[in-house]
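**Student:** So here's upload-v2.cif, just mmCIF, C-alpha atoms:
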data_final
loop_
_atom_site.label_atom_id
_atom_site.label_comp_id
_atom_site.auth_asym_id
_atom_site.auth_seq_id
_atom_site.Cartn_x
_atom_site.Cartn_y
_atom_site.Cartn_z
CA MET A 1 21.35 9.23 2.02
CA HIS A 2 17.71 8.52 1.33
CA ALA A 3 14.72 7.71 3.56
CA VAL A 4 11.25 6.43 2.74
CA ILE A 5 8.65 7.66 5.25
CA LEU A 6 5.42 5.67 5.46
CA ALA A 7 2.67 8.26 5.87
CA GLY A 8 -0.37 6.66 4.26
CA GLY A 9 -2.23 5.12 7.20
CA LYS A 10 -5.61 6.27 8.51
CA GLY A 11 -4.44 6.58 12.11
CA VAL A 12 -7.52 4.78 13.45
CA ARG A 13 -6.09 4.47 16.97
CA LEU A 14 -5.67 8.26 17.22
CA ARG A 15 -9.22 9.23 16.36
CA PRO A 16 -10.69 11.80 16.73
CA TYR A 17 -7.34 13.58 16.16
CA THR A 18 -6.99 11.94 12.74
CA THR A 19 -10.53 12.57 11.52
CA ARG A 20 -9.38 15.72 9.74
CA LEU A 21 -5.59 15.35 9.87
CA PRO A 22 -3.36 12.54 8.62
CA LYS A 23 -1.45 11.01 11.51
CA PRO A 24 1.98 12.44 10.53
CA LEU A 25 0.55 15.97 10.81
CA VAL A 26 -0.88 15.69 14.33
CA PRO A 27 0.73 18.35 16.54
CA ILE A 28 3.50 17.73 19.04
CA GLY A 29 3.90 20.65 21.42
CA ASP A 30 2.79 24.06 20.18
CA GLU A 31 4.90 24.43 17.03
CA PHE A 32 5.59 21.13 15.31
CA SER A 33 3.90 18.19 13.67
CA ILE A 34 5.49 14.79 14.12
CA LEU A 35 6.43 14.79 10.42
CA ASP A 36 8.15 18.17 10.77
CA ILE A 37 10.23 16.78 13.64
CA VAL A 38 11.19 13.67 11.66
CA LEU A 39 12.20 15.70 8.59
CA ARG A 40 14.27 18.11 10.68
CA GLN A 41 16.06 15.18 12.29
CA LEU A 42 16.77 13.44 9.00
CA SER A 43 18.18 16.67 7.59
CA GLN A 44 20.37 17.16 10.67
CA HIS A 45 21.73 13.63 10.23
CA GLY A 46 22.77 14.31 6.64
CA PHE A 47 19.89 12.87 4.62
CA ASP A 48 19.41 14.85 1.41
CA SER A 49 16.37 13.11 -0.08
CA VAL A 50 13.11 11.58 1.15
CA THR A 51 10.17 9.80 -0.45
CA LEU A 52 6.84 10.16 1.34
CA ALA A 53 4.44 7.24 0.82
CA ILE A 54 1.04 8.88 1.19
CA GLY A 55 -2.57 7.72 1.04
CA TYR A 56 -5.24 8.87 3.51
CA LEU A 57 -5.52 12.70 3.33
CA GLY A 58 -2.28 12.64 1.35
CA ASP A 59 -3.01 15.98 -0.34
CA LEU A 60 -2.69 17.67 3.06
CA ILE A 61 0.75 16.13 3.55
CA ARG A 62 1.81 17.15 0.05
CA SER A 63 0.61 20.72 0.64
CA TYR A 64 2.37 20.94 4.00
CA VAL A 65 5.71 19.43 2.93
CA GLY A 66 6.01 20.61 -0.67
CA ASP A 67 9.36 19.91 -2.31
CA GLY A 68 11.27 19.68 0.97
CA SER A 69 13.33 22.83 0.47
CA ARG A 70 12.25 24.08 3.90
CA TRP A 71 14.32 21.26 5.41
CA GLY A 72 17.17 21.45 2.89
CA MET A 73 16.14 18.18 1.24
CA THR A 74 14.53 16.97 -1.97
CA ILE A 75 11.19 15.30 -1.26
CA ASP A 76 9.05 13.31 -3.68
CA TYR A 77 5.91 11.19 -3.25
CA THR A 78 4.39 7.83 -3.98
CA THR A 79 0.66 7.28 -3.51
CA GLU A 80 -1.13 4.18 -2.25
CA GLU A 81 -4.49 3.81 -3.97
CA GLU A 82 -5.12 0.76 -1.76
CA PRO A 83 -3.30 -0.18 1.47
CA LEU A 84 -0.09 -2.05 0.63
CA GLY A 85 1.34 -2.73 4.08
CA THR A 86 4.72 -1.55 5.30
CA ILE A 87 6.86 -2.81 2.42
CA GLY A 88 4.38 -2.64 -0.48
CA PRO A 89 4.78 1.13 -1.03
CA VAL A 90 8.56 0.70 -1.18
CA LEU A 91 8.26 -1.90 -3.93
CA GLN A 92 6.40 0.64 -6.10
CA ILE A 93 9.47 2.88 -6.25
CA LEU A 94 12.26 0.34 -5.83
CA ASP A 95 13.84 1.11 -9.20
CA LYS A 96 14.28 4.76 -8.13
CA LEU A 97 15.92 4.01 -4.78
CA PRO A 98 19.63 3.70 -3.95
CA ASP A 99 21.15 0.35 -2.98
CA TYR A 100 20.71 1.11 0.74
CA PHE A 101 18.14 3.35 2.41
CA VAL A 102 16.09 3.86 5.56
CA VAL A 103 12.39 2.96 5.76
CA MET A 104 10.44 4.36 8.70
CA ASN A 105 6.96 4.95 9.99
CA GLY A 106 5.78 8.54 9.93
CA ASP A 107 4.66 8.49 13.57
CA VAL A 108 7.94 7.82 15.40
CA LEU A 109 9.30 10.25 17.99
CA THR A 110 12.87 9.30 18.84
CA ASP A 111 16.43 10.58 19.14
CA LEU A 112 17.76 7.66 17.11
CA ASP A 113 20.70 8.55 14.85
CA TYR A 114 19.27 7.53 11.47
CA ALA A 115 22.61 7.94 9.72
CA GLU A 116 24.33 5.60 12.17
CA LEU A 117 21.59 3.03 11.68
CA LEU A 118 22.04 3.16 7.91
CA THR A 119 25.84 2.98 8.13
CA ASN A 120 25.58 0.01 10.47
CA HIS A 121 23.23 -1.70 8.06
CA VAL A 122 25.51 -1.19 5.06
CA THR A 123 28.62 -2.47 6.81
CA SER A 124 26.83 -5.50 8.31
CA GLY A 125 25.79 -7.02 4.99
CA ALA A 126 22.47 -8.04 6.56
CA PRO A 127 19.37 -8.22 4.33
CA LEU A 128 17.46 -6.02 6.76
CA THR A 129 18.29 -4.10 9.93
CA VAL A 130 15.55 -3.51 12.50
CA ALA A 131 15.87 -0.82 15.17
CA THR A 132 14.64 -2.41 18.40
CA TYR A 133 13.64 -1.08 21.81
CA LYS A 134 13.01 -2.69 25.20
CA ARG A 135 9.40 -2.04 26.17
CA HIS A 136 7.91 -2.61 29.62
CA VAL A 137 4.29 -3.79 29.50
CA LYS A 138 2.15 -3.68 32.64
CA ILE A 139 -0.42 -6.47 32.81
CA ASP A 140 -3.48 -5.24 34.73
CA PHE A 141 -4.66 -8.72 35.69
CA GLY A 142 -3.52 -11.53 37.90
CA VAL A 143 -1.71 -13.97 35.60
CA LEU A 144 -2.20 -17.72 36.10
CA ASN A 145 -0.29 -20.74 34.87
CA THR A 146 -2.41 -23.87 34.87
CA TYR A 147 -1.82 -27.57 34.29
CA GLN A 148 -4.52 -30.25 34.00
CA GLY A 149 -7.16 -28.01 35.51
CA LYS A 150 -5.06 -26.85 38.49
CA ILE A 151 -3.40 -23.49 39.11
CA ILE A 152 0.34 -24.08 39.50
CA GLU A 153 1.59 -20.50 39.49
CA PHE A 154 0.13 -17.04 40.12
CA THR A 155 1.59 -13.55 39.60
CA GLU A 156 -0.36 -10.42 40.50
CA LYS A 157 -0.23 -7.71 37.78
CA PRO A 158 3.26 -8.47 36.46
CA THR A 159 5.38 -6.22 34.27
CA LEU A 160 6.73 -7.99 31.20
CA ASP A 161 9.71 -6.90 29.11
CA TYR A 162 9.64 -7.22 25.33
CA ARG A 163 12.04 -6.20 22.60
CA VAL A 164 9.90 -4.49 19.97
CA SER A 165 10.42 -3.04 16.53
CA MET A 166 10.68 0.75 16.55
CA GLY A 167 9.29 1.11 13.05
CA VAL A 168 12.68 2.17 11.63
CA TYR A 169 14.61 -0.10 9.28
CA GLY A 170 17.84 -0.20 7.32
CA MET A 171 16.90 -1.69 3.96
CA SER A 172 18.79 -3.15 1.02
CA LYS A 173 17.40 -2.86 -2.48
CA ALA A 174 18.60 -6.38 -3.31
CA THR A 175 16.51 -7.84 -0.46
CA LEU A 176 13.28 -6.64 -2.10
CA ALA A 177 14.17 -7.24 -5.75
CA ASP A 178 12.21 -10.50 -6.16
CA TYR A 179 8.93 -9.37 -4.57
CA PRO A 180 6.06 -8.44 -6.94
CA VAL A 181 4.95 -4.83 -7.26
CA GLY A 182 1.36 -3.90 -6.42
CA ILE A 183 0.79 -6.77 -3.98
CA PRO A 184 0.48 -5.90 -0.26
CA LEU A 185 3.56 -6.90 1.73
CA GLY A 186 3.87 -6.30 5.45
CA PHE A 187 6.99 -5.98 7.56
CA ASP A 188 5.93 -9.14 9.41
CA GLU A 189 5.69 -11.10 6.15
CA LEU A 190 9.12 -9.92 5.03
CA VAL A 191 10.77 -10.89 8.33
CA LEU A 192 9.10 -14.32 8.38
CA ASP A 193 10.14 -14.91 4.78
CA LEU A 194 13.77 -13.97 5.50
CA LEU A 195 13.79 -16.25 8.55
CA ALA A 196 12.39 -19.12 6.47
CA GLN A 197 15.24 -18.59 4.02
CA GLU A 198 17.72 -18.59 6.94
CA HIS A 199 18.69 -15.08 5.93
CA SER A 200 18.26 -13.46 9.32
CA PRO A 201 17.71 -9.72 9.75
CA GLN A 202 20.06 -7.79 12.02
CA GLU A 203 19.03 -6.04 15.23
CA TYR A 204 20.01 -2.44 15.94
CA ASP A 205 19.66 -2.27 19.73
CA PHE A 206 18.55 1.21 20.82
CA SER A 207 18.11 2.47 24.38
CA GLY A 208 17.47 6.19 23.89
CA TYR A 209 14.14 8.01 23.59
CA TRP A 210 11.34 6.42 21.58
CA LEU A 211 7.57 6.73 21.46
CA ASP A 212 5.06 5.34 18.97
CA ILE A 213 2.82 8.36 18.40
CA GLY A 214 0.21 6.11 16.82
CA ARG A 215 -0.67 4.89 20.32
CA PRO A 216 -2.89 7.33 22.27
CA ASP A 217 -0.96 6.83 25.52
CA ASP A 218 2.36 7.55 23.81
CA TYR A 219 0.91 10.55 21.98
CA ASP A 220 -0.31 12.08 25.24
CA LYS A 221 3.03 11.33 26.88
CA ALA A 222 4.93 12.98 24.01
CA ASN A 223 2.94 16.18 24.33
CA ALA A 224 3.35 16.22 28.10
CA GLU A 225 7.14 15.74 27.84
CA PHE A 226 7.91 17.72 24.70
CA SER A 227 8.86 21.05 26.27
CA GLY A 228 11.51 19.25 28.32
CA ILE A 229 12.96 17.14 25.49
CA ARG A 230 12.57 19.53 22.54
CA GLY A 231 16.16 20.74 22.70
CA HIS A 232 17.42 17.17 22.71
CA LEU A 233 15.25 16.00 19.80
CA LEU A 234 15.66 19.16 17.71
CA LYS A 235 19.15 20.45 18.22
CA GLY A 236 19.23 24.10 17.20
CA ALA A 237 15.48 24.36 16.50
#
Using structure tokens, write down the structure from this file.
**Tutor:**
Amino acid sequence: MHAVILAGGKGVRLRPYTTRLPKPLVPIGDEFSILDIVLRQLSQHGFDSVTLAIGYLGDLIRSYVGDGSRWGMTIDYTTEEEPLGTIGPVLQILDKLPDYFVVMNGDVLTDLDYAELLTNHVTSGAPLTVATYKRHVKIDFGVLNTYQGKIIEFTEKPTLDYRVSMGVYGMSKATLADYPVGIPLGFDELVLDLLAQEHSPQEYDFSGYWLDIGRPDDYDKANAEFSGIRGHLLKGA
């Protein structure tokens, strides 16, 4: 099983943490970087190879990770000279990838079973599988509905529920075969294109633990909670 980890972003939302460190190397707890946690989890779930798509401060990631032997995997690299979006880096190495693989952001802290996601994707026959999570969003304002200049409804500081992408995808090589290499392609563009073709992606509904470490609030929460959840996220570590 193979995974492509997107680790090339500048991590603007996490500054000043990411001024000197690429986002996947920011610390979680006292011992681990987020990338270390992700690689340990992939190894535990049976993945034997990973490609790291690097860009900003990529030499630091390459120096830290090396060939992957520390995690019992083979790790290679692809470099973005210019930002290519979520899918663009994958297109650069598509000919080297297996028919089915996982693509994921390098800033995801979760107990998702990556192997189960990939197996589910393969058996479904879907062009793309998106791991999704129910997120509660607190609105810090009074929300108004209006009609013809009059207020017809008011809700004070509501909490809204959204199903969001976790930044983890089951991908099929055939789905990407016709897209040009070297042209930026975002996840949003791919999904909209598949919908336009009536070739709908599949949802992988997940209700376990998930935080987007690229968000400052989630990063702070992860560090505050890590001592209590470490054993669950890193079985045996």
**Student:** Which of these, A:Pro27, A:Gly68, A:Gly85, A:Pro201, has the shortest distance to Ala53 in chain A once you count only C-alpha atoms?
**Tutor:**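 Closest to Ala53 in chain A of all the choices is A:Gly85.
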**Student:** For the provided coordinates, the residues matched by the PyMOL selection byres ((chain A and resi 156-161) around 6) should be stated as number ranges by chain.
**Tutor:** A: 135-142, 155, 162
**Student:** Can you spit out the residues from that selection as a compact mmCIF listing (two decimals), keeping the file's coordinate frame, using C-alpha atoms?
**Tutor:**
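Listing of result13.txt after writing:
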# COMPACT_ATOMS: atom_id res chain seq x y z
CA ARG A 135 9.40 -2.04 26.17
CA HIS A 136 7.91 -2.61 29.62
CA VAL A 137 4.29 -3.79 29.50
CA LYS A 138 2.15 -3.68 32.64
CA ILE A 139 -0.42 -6.47 32.81
CA ASP A 140 -3.48 -5.24 34.73
CA PHE A 141 -4.66 -8.72 35.69
CA GLY A 142 -3.52 -11.53 37.90
CA THR A 155 1.59 -13.55 39.60
CA TYR A 162 9.64 -7.22 25.33
**Student:** Quick check, in Å to one decimal: how far apart do CA of Gly8 in chain A and CA of Leu57 in chain A lie?
**Tutor:** 8.0 Å
**Student:** Please provide as a JSON list (two decimals) with C-alpha atoms, in the coordinates of the input all residues within 7 Å of range 227-236 of chain A, with the sequence filter that same-chain residues fewer than 5 positions apart are discarded (counting all atoms listed in the file).
**Tutor:**
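The new file part04.json reads:
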[["chain", "number", "residue", "atom", "x", "y", "z"],
["A", 29, "GLY", "CA", 3.90, 20.65, 21.42],
["A", 41, "GLN", "CA", 16.06, 15.18, 12.29],
["A", 111, "ASP", "CA", 16.43, 10.58, 19.14]]
**Student:** For Val4 in chain A, list every protein, DNA or RNA residue within 9 Å, evaluated using all atoms listed in the file, and leave out those in the same chain fewer than 2 positions away; present the list as a ChimeraX atom specification.
**Tutor:** /A:2,6,49-53,90,101-105
**Student:** Determine the residue set returned by the PyMOL selection byres ((chain A and resi 72) around 10) for the present structure, and present it as a list in words.
**Tutor:**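 So the PyMOL selection byres ((chain A and resi 72) around 10), applied here, picks out Leu39, Arg40, Ser43, Gln44, Gly46, Phe47, Asp48, Ser49, Asp67, Gly68, Ser69, Arg70, Trp71, Met73, Thr74 and Ile75 of chain A.
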**Student:** List the spatial neighbours of Leu194 in chain A as a ChimeraX atom specification - criterion: any atom at most 9 Å away, all atoms listed in the file, same-chain residues fewer than 4 positions off excluded.
**Tutor:** /A:127-128,175,189-190,198-201
**Student:** Selection in question (the file shown): the PyMOL selection byres ((chain A and resi 206) around 6). Which residues does it include, as an NGL selection string?
**Tutor:** :A and (132-133 or 205 or 207-208)
**Student:** Can you tell me which residues surround Gly186 in chain A at a distance of at most 12 Å, considering only C-alpha atoms, apart from same-chain residues fewer than 3 positions away, and format the answer as a PyMOL selection string?
**Tutor:** chain A and resi 83-91+167+179+183+189-193
**Student:** Which residue is closest to Asp36 in chain A? Choose from A:Asp220, A:Asp99, A:Asp59, A:Asp107 and count all atoms listed in the file.
**Tutor:**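 Counting all atoms listed in the file, the residue closest to Asp36 in chain A is A:Asp107.
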**Student:** Could you check which of A:Glu82, A:Asp30, A:Glu203, A:Asp212 is closest to Ser124 in chain A, using all atoms listed in the file?
**Tutor:**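 Between A:Glu82, A:Asp30, A:Glu203, A:Asp212, the residue approaching Ser124 in chain A most closely is A:Glu203.
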**Student:** Interatomic distance between CA of Tyr77 in chain A and CA of Ser63 in chain A?
**Tutor:**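 Going from CA of Tyr77 in chain A over to CA of Ser63 in chain A covers 11.6 Å.
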**Student:** Quick one, how far is CA of Leu118 in chain A from CA of Phe32 in chain A?
**Tutor:**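 CA of Phe32 in chain A lies at a distance of 25.5 Å from CA of Leu118 in chain A.
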**Student:** So, with only C-alpha atoms as the atoms that count, which of A:Tyr219, A:Tyr56, A:Tyr169, A:Phe154 lies closest to Leu117 in chain A?
**Tutor:**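 Smallest separation from Leu117 in chain A among the options: A:Tyr169.
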**Student:** Under the rule that all atoms listed in the file are counted, which of A:Ala196, A:Leu94, A:Val38, A:Met166 is the nearest residue to Asp178 in chain A?
**Tutor:**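 Among A:Ala196, A:Leu94, A:Val38, A:Met166, it is A:Leu94 that comes nearest to Asp178 in chain A.
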**Student:** Starting from the structure just given, write a file holding range 155-175 of chain A with N, CA, C and O atoms, as a PDB file, in the first residue's frame.
**Tutor:**
ATOM      1  N   THR A 155     -31.520  34.372  15.031  1.00  0.00           N
ATOM      2  CA  THR A 155     -30.950  33.332  15.896  1.00  0.00           C
ATOM      3  C   THR A 155     -29.691  33.891  16.544  1.00  0.00           C
ATOM      4  O   THR A 155     -28.784  34.362  15.852  1.00  0.00           O
ATOM      5  N   GLU A 156     -29.617  33.844  17.849  1.00  0.00           N
ATOM      6  CA  GLU A 156     -28.467  34.390  18.568  1.00  0.00           C
ATOM      7  C   GLU A 156     -27.343  33.350  18.643  1.00  0.00           C
ATOM      8  O   GLU A 156     -27.505  32.262  19.215  1.00  0.00           O
ATOM      9  N   LYS A 157     -26.207  33.668  18.037  1.00  0.00           N
ATOM     10  CA  LYS A 157     -24.978  32.859  18.098  1.00  0.00           C
ATOM     11  C   LYS A 157     -25.245  31.364  17.903  1.00  0.00           C
ATOM     12  O   LYS A 157     -24.978  30.550  18.796  1.00  0.00           O
ATOM     13  N   PRO A 158     -25.743  30.977  16.748  1.00  0.00           N
ATOM     14  CA  PRO A 158     -26.063  29.564  16.528  1.00  0.00           C
ATOM     15  C   PRO A 158     -24.807  28.712  16.323  1.00  0.00           C
ATOM     16  O   PRO A 158     -23.731  29.220  16.015  1.00  0.00           O
ATOM     17  N   THR A 159     -24.973  27.418  16.496  1.00  0.00           N
ATOM     18  CA  THR A 159     -23.941  26.448  16.150  1.00  0.00           C
ATOM     19  C   THR A 159     -24.412  25.691  14.918  1.00  0.00           C
ATOM     20  O   THR A 159     -25.508  25.120  14.915  1.00  0.00           O
ATOM     21  N   LEU A 160     -23.595  25.717  13.874  1.00  0.00           N
ATOM     22  CA  LEU A 160     -23.955  25.065  12.621  1.00  0.00           C
ATOM     23  C   LEU A 160     -23.138  23.791  12.452  1.00  0.00           C
ATOM     24  O   LEU A 160     -21.978  23.717  12.859  1.00  0.00           O
ATOM     25  N   ASP A 161     -23.729  22.787  11.854  1.00  0.00           N
ATOM     26  CA  ASP A 161     -23.061  21.514  11.597  1.00  0.00           C
ATOM     27  C   ASP A 161     -22.759  21.401  10.106  1.00  0.00           C
ATOM     28  O   ASP A 161     -23.638  21.611   9.267  1.00  0.00           O
ATOM     29  N   TYR A 162     -21.504  21.053   9.800  1.00  0.00           N
ATOM     30  CA  TYR A 162     -21.083  20.864   8.419  1.00  0.00           C
ATOM     31  C   TYR A 162     -20.357  19.533   8.299  1.00  0.00           C
ATOM     32  O   TYR A 162     -19.672  19.102   9.225  1.00  0.00           O
ATOM     33  N   ARG A 163     -20.504  18.892   7.152  1.00  0.00           N
ATOM     34  CA  ARG A 163     -19.657  17.736   6.857  1.00  0.00           C
ATOM     35  C   ARG A 163     -18.507  18.234   6.014  1.00  0.00           C
ATOM     36  O   ARG A 163     -18.707  18.811   4.954  1.00  0.00           O
ATOM     37  N   VAL A 164     -17.279  18.067   6.519  1.00  0.00           N
ATOM     38  CA  VAL A 164     -16.101  18.638   5.884  1.00  0.00           C
ATOM     39  C   VAL A 164     -15.144  17.545   5.435  1.00  0.00           C
ATOM     40  O   VAL A 164     -15.168  16.415   5.943  1.00  0.00           O
ATOM     41  N   SER A 165     -14.303  17.889   4.478  1.00  0.00           N
ATOM     42  CA  SER A 165     -13.253  16.984   4.051  1.00  0.00           C
ATOM     43  C   SER A 165     -12.150  16.950   5.101  1.00  0.00           C
ATOM     44  O   SER A 165     -11.728  17.988   5.617  1.00  0.00           O
ATOM     45  N   MET A 166     -11.660  15.752   5.415  1.00  0.00           N
ATOM     46  CA  MET A 166     -10.603  15.594   6.406  1.00  0.00           C
ATOM     47  C   MET A 166      -9.217  15.797   5.817  1.00  0.00           C
ATOM     48  O   MET A 166      -8.217  15.787   6.551  1.00  0.00           O
ATOM     49  N   GLY A 167      -9.125  15.935   4.502  1.00  0.00           N
ATOM     50  CA  GLY A 167      -7.803  16.025   3.888  1.00  0.00           C
ATOM     51  C   GLY A 167      -7.145  14.678   3.696  1.00  0.00           C
ATOM     52  O   GLY A 167      -5.918  14.582   3.612  1.00  0.00           O
ATOM     53  N   VAL A 168      -7.966  13.612   3.608  1.00  0.00           N
ATOM     54  CA  VAL A 168      -7.470  12.250   3.368  1.00  0.00           C
ATOM     55  C   VAL A 168      -8.355  11.636   2.289  1.00  0.00           C
ATOM     56  O   VAL A 168      -9.590  11.643   2.416  1.00  0.00           O
ATOM     57  N   TYR A 169      -7.725  11.086   1.245  1.00  0.00           N
ATOM     58  CA  TYR A 169      -8.482  10.635   0.080  1.00  0.00           C
ATOM     59  C   TYR A 169      -7.989   9.261  -0.389  1.00  0.00           C
ATOM     60  O   TYR A 169      -6.784   8.991  -0.395  1.00  0.00           O
ATOM     61  N   GLY A 170      -8.940   8.427  -0.806  1.00  0.00           N
ATOM     62  CA  GLY A 170      -8.616   7.245  -1.578  1.00  0.00           C
ATOM     63  C   GLY A 170      -8.640   7.631  -3.043  1.00  0.00           C
ATOM     64  O   GLY A 170      -9.640   8.176  -3.531  1.00  0.00           O
ATOM     65  N   MET A 171      -7.563   7.354  -3.756  1.00  0.00           N
ATOM     66  CA  MET A 171      -7.411   7.846  -5.125  1.00  0.00           C
ATOM     67  C   MET A 171      -7.167   6.693  -6.089  1.00  0.00           C
ATOM     68  O   MET A 171      -6.482   5.718  -5.759  1.00  0.00           O
ATOM     69  N   SER A 172      -7.716   6.849  -7.289  1.00  0.00           N
ATOM     70  CA  SER A 172      -7.481   5.894  -8.373  1.00  0.00           C
ATOM     71  C   SER A 172      -6.623   6.548  -9.441  1.00  0.00           C
ATOM     72  O   SER A 172      -6.893   7.674  -9.866  1.00  0.00           O
ATOM     73  N   LYS A 173      -5.622   5.827  -9.887  1.00  0.00           N
ATOM     74  CA  LYS A 173      -4.732   6.339 -10.922  1.00  0.00           C
ATOM     75  C   LYS A 173      -5.508   6.699 -12.186  1.00  0.00           C
ATOM     76  O   LYS A 173      -5.255   7.733 -12.822  1.00  0.00           O
ATOM     77  N   ALA A 174      -6.488   5.882 -12.540  1.00  0.00           N
ATOM     78  CA  ALA A 174      -7.256   6.109 -13.767  1.00  0.00           C
ATOM     79  C   ALA A 174      -8.031   7.426 -13.719  1.00  0.00           C
ATOM     80  O   ALA A 174      -8.260   8.056 -14.755  1.00  0.00           O
ATOM     81  N   THR A 175      -8.432   7.857 -12.523  1.00  0.00           N
ATOM     82  CA  THR A 175      -9.188   9.107 -12.387  1.00  0.00           C
ATOM     83  C   THR A 175      -8.361  10.309 -12.820  1.00  0.00           C
ATOM     84  O   THR A 175      -8.899  11.293 -13.339  1.00  0.00           O
TER      85      THR A 175
END
